[in-house]
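Okay, structure first, notes after.
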Amino acid sequence: MATKKYLEIQEFKDEELLNELKETEKQYLKLQFDHSVKGIDNPLLLRDMRRDIARINTEIRKRELNNMSEEELKTRSKIRARRRK
């Protein structure tokens, strides 16, 4: 079952997605710094932000794969097959 955040991310355009990634990473670094210096009330926010960053990166990669040509996909499949050996 898709989460609310993931459904929201799917509606973004490509450039909005990249901007969201930059902003989320910036917020994560600031929150991580604050946590190490003085501590934050809810440290689980760090975990949630890491997961949000992963969701955004996953959506970006999914779109890259959907936009690949047939030749690029074949090359990618060959590379993946070599790695499995």
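All residue names refer to the structure tokens as shown: chains lettered A, B, ... in order, residues numbered from 1 in each chain, ligands numbered from 1 in order.
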
message = Env of A:Asp14: 12 Å cut, atoms = only C-alpha atoms, seq-sep filter 6 positions within chain, self excluded. Answer as number ranges by chain.
response = A: 20-21, 56-57, 59-64, 67

Written selection (C-alpha atoms) as an mmCIF file, in the first residue's frame:
data_model
loop_
_atom_site.group_PDB
_atom_site.id
_atom_site.type_symbol
_atom_site.label_atom_id
_atom_site.label_comp_id
_atom_site.auth_asym_id
_atom_site.auth_seq_id
_atom_site.Cartn_x
_atom_site.Cartn_y
_atom_site.Cartn_z
ATOM 1 C CA GLU A 20 12.143 18.853 -3.219
ATOM 2 C CA LEU A 21 15.178 16.569 -2.964
ATOM 3 C CA ILE A 56 12.292 10.900 -3.758
ATOM 4 C CA ASN A 57 15.445 9.228 -5.111
ATOM 5 C CA GLU A 59 10.878 8.131 -7.893
ATOM 6 C CA ILE A 60 13.632 9.971 -9.786
ATOM 7 C CA ARG A 61 15.276 6.656 -10.748
ATOM 8 C CA LYS A 62 11.931 5.151 -11.733
ATOM 9 C CA ARG A 63 11.327 8.052 -14.103
ATOM 10 C CA GLU A 64 14.839 7.728 -15.552
ATOM 11 C CA ASN A 67 12.461 7.434 -20.183
#

Stretch 27-41 of chain A environment, 12 Å, only C-alpha atoms, sequence neighbours closer than 6 positions dropped, as a list in words = Glu20, Leu21, Arg47, Asp48, Met49, Arg50, Arg51, Asp52 and Ile53 of chain A

key: Those of chain A in DSSP helix (DSSP H, G or I), formatted as a VMD selection string   = chain A and resid 4 to 10 14 to 37 44 to 66 70 to 84

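What separates atom CA of A:Asn19 from atom CA of A:Lys4 is a distance of 19.2 Å.
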
inquiry  = Using Å and a single decimal, report how far atom CA of A:Ala54 sits from atom CA of A:Leu17.
reply    = 12.2 Å
